[in-house]
Every structure is written in C-alpha cells, then in structure tokens.
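Report on one structure; see the data block that follows.
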Amino acid sequence: MTDSMNRAPVGIIGGTGLTSLSNLQITGEASVTTPWGPPSDRLVKGSLGDQPVVFLARHGNPHRIPPHEVNYRANIQALRDAGVHTIVGVNAVGGIHPEMGPARIVIPDQLIDYTWGRASTFFEGDLAHTTHIDFTWPYDGDARQQLLHAARAAGVPVSDFGVYGATQGPRLETAAEIRRMERDGCDLVGMTGMPEACLAAELGIRYVCLGLVVNWAAGKSDHIITMAEIEQAIDQGMTGVKRILGESVSS
Ligand code: HPA
C-alpha cells in the first residue's frame, strides 16, 4: 500500500454549486446509512492529488434537499464512519462585510447561530450523562491555516477572517435582519453552517468552512437578490474553490 492510501480521508461537504468535484479521482461510491438515517447522498470516495477524500453533496445530487431539511447528523456520522477526521464544509454565502462581495472566497473564523428547530446534537435521548462540548473556536485552527496555505499555493485570493451568521432559511433575509446581523458582528450569512460545525465538534472531527460569496446580503446592494446573480457568482468563484481543494487539506 502506498503512503497516501494509509492516510485518513478528508471529508468534503459540497454545498450549492458544488454537487460533484471534477478534479476528484474517484475510486468508489458507497450508499450508506446511520442510526440517524441516510445521509444526503452516496459517499464518493477518491483522491485529490495524493490526499484521500470522501465527498458528500449536502443537498443531494441533483440539488433537492433545502437547508432546513438536510439531515446534518446523518451526514456527519456517515463521514465519521468512513474514517474522516477533518471536514471542509463548502458553503455558498451572502456577503455583509464590504470586502466580501460576489465571487469572494472566505475562510471564516467565528460563527453565530440563528437557526432553530434543527436536530443539532448527537447527545440526546436516554443518556448516562450530559455533555457540553467546548465550542469557543468553531473552526479548527490548524485546518484553517492549511486551507489558507492551500489558497496561497493555488494563487487564489481569500479573506482570512469572518463571522458566519447561520440563518434558518429557506427564504433569504430582510434588509433589517441583515442590519441586525451586522450589528451582531456577522460578516457573512448562510443557511447550512449550523448545526454542521457543532455536530462535527461533538464527534471530535476538525471542521473548517470554505465559503463562496454568491450575492450581496439583503439590503447591501441597490437591487434584490436574483438566482441569475447567484449562478453568475458560482460560475466565477467555484473554480477558485476547486483549486484550493485541489491543493488539499491534509488529514
Ligand atoms: N442569505 C442566506 N443564505 C445564503 C445567502 C444569503 O444571502 N446567499 C447564499 N446563501
């Protein structure tokens, strides 16, 4: 066996605009299930360069599961069962910070959770004791540095800070909601960052977010948000995301 085959795979959860990875050398696919139900799609196993990878399309492929109906527990558990210790969550987001306009790539360092009613813990039911994980730093520091290094190596400009505000969706926000989020300190807004990040933390998995800004958040431009604008930013920005992933985060 080669060295790379002995390495733990990195999990990549692809979001809107990333239902498959064209630069992934695919070695197999697995339809799996978990005690929490099946994940959003089959796990696609392969490698990016010499890094083993397990890819999962968060919304299914084709894209059909809305953010509030994703079975986040099943997705994280399935990746854990596949031997993953590090997850890169790729998220389409709206930009609030002036630096974070459409097609910008952001590696946030903090988050605020505005979601509600989602199954957001593995620790429930008939438990022997309660568990409160530390979540001071929701994104793994080393994994963030590796992604930043990968971005530099790929020559893709990124913002190396940002507070991700996770909203419930599926509707987009009002301008007043975005103004409130900005006062709270949010730089980005997205619908899928939570509970993905805390579930990974509960299982001791290193988690990092690779955000692609696909629109100015509500009220941050002089027009309403259209799907055409979002698709254009995805077309423009996803190549950079794939180049960063191609430089690979190691497990
Ligand atoms: N708000 C919430 N989620 C998003 C947005 C947004 O503006 N853009 C992409 N995902």
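Every chain in the structure tokens takes a letter, A first, then B, and so on in the order presented; its residues are numbered from 1, and the ligands are numbered from 1 following the presented order.
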
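For stretch 96-107 of chain A, the non-local neighbours within 6 Å, defined as residues at least 6 positions apart in the same chain or in other chains and counting only C-alpha atoms, are Val158, Ser159, Asp160, Asp187, Leu188, Cys209, Leu210, Gly211, Leu212, Val213, Val214, Asn215, Trp216, Ala217, Ala233, Gln236 and Gly237 of chain A.
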
TODO: Residues within 10 Å of ligand 1 should be enumerated using only C-alpha atoms and all ligand atoms and returned as a count of residues only.
DONE: 40

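Proximity ranking of A:Leu56, A:Ala175, A:Ala200, A:Ile65 relative to A:Ile13 places A:Leu56 first, based on only C-alpha atoms.
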
Open item on the list: What's around A:Gly49 at 10 Å? Count only C-alpha atoms, leave out sequence neighbours fewer than 3 positions away in its own chain, and write the answer as a VMD selection string.
Closed with: chain A and resid 4 23 to 25 46 52 to 53 245 to 248

C-alpha atoms of the current selection, written as a PDB file, in the first residue's frame:
```pdb
ATOM      1  CA  SER A   4      -1.361   8.115   0.671  1.00  0.00           C
ATOM      2  CA  ASN A  23     -10.847  17.105 -10.160  1.00  0.00           C
ATOM      3  CA  LEU A  24     -11.552  14.132  -7.843  1.00  0.00           C
ATOM      4  CA  GLN A  25     -10.033  10.820  -8.970  1.00  0.00           C
ATOM      5  CA  GLY A  46     -11.351   9.112  -4.210  1.00  0.00           C
ATOM      6  CA  PRO A  52      -7.697  10.542   0.068  1.00  0.00           C
ATOM      7  CA  VAL A  53     -11.070  12.282   0.097  1.00  0.00           C
ATOM      8  CA  LEU A 245      -9.388  21.971  -2.577  1.00  0.00           C
ATOM      9  CA  GLY A 246      -7.013  20.582  -5.213  1.00  0.00           C
ATOM     10  CA  GLU A 247      -4.068  21.904  -3.192  1.00  0.00           C
ATOM     11  CA  SER A 248      -5.669  19.790  -0.484  1.00  0.00           C
TER      12      SER A 248
END
```

With only C-alpha atoms counted and 6 Å as the cut-off, give the residues of stretch 178-236 of chain A in contact with stretch 140-157 of chain A, each with its shortest interatomic distance in Å and the pair that gives it, as a Markdown table.
```
| residue | atom | partner | partner_atom | distance |
| --- | --- | --- | --- | --- |
| A:Arg206 | CA | A:Asp140 | CA | 5.5 |
| A:Tyr207 | CA | A:Asp140 | CA | 5.6 |
| A:Val208 | CA | A:Asp140 | CA | 5.9 |
```

TODO: Write out as a VMD selection string each polymer residue whose atoms come within 8 Å of A:Gly37, counting only C-alpha atoms; drop sequence neighbours fewer than 2 positions from it.
DONE: chain A and resid 33 to 35 39 71 74

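Across the structure, atom CA of A:Val241 and atom CA of A:Phe161 are spaced 16.3 Å apart.
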
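If you measure from each of A:Leu203, A:Cys186, A:Ala176, A:Val90 to A:Asp134 using only C-alpha atoms, the closest one turns out to be A:Leu203.
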
Task: Minimum-distance residue to A:Pro38, chosen among A:Ile76, A:Ile234, A:Val163, A:Ile244 (using only C-alpha atoms) - done: A:Ile76

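On the backbone of this structure, DSSP gives strand (DSSP E or B) within stretch 93-213 of chain A to Val93, Gly94, Gly95, Ile105, Val106, Gln110, Leu111, Ile112, Asp113, Val158, Ser159, Val163, Tyr164, Gly165, Ala166, Leu188, Val189, Gly190, Arg206, Tyr207, Val208, Cys209, Leu210, Gly211, Leu212 and Val213 of chain A.
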
Task: Polymer residues at most 10 Å from A:Glu69, only C-alpha atoms, same-chain spacing of 6 or more positions, as a count of residues only - done: 5

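Put simply, atom CA of A:Thr239 is 23.8 Å away from atom CA of A:Gly28.
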
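Ranking A:Arg183, A:Asp41, A:Met194, A:Gln77 by their shortest atom-to-atom distance to A:Tyr114, with only C-alpha atoms included, puts A:Met194 first.
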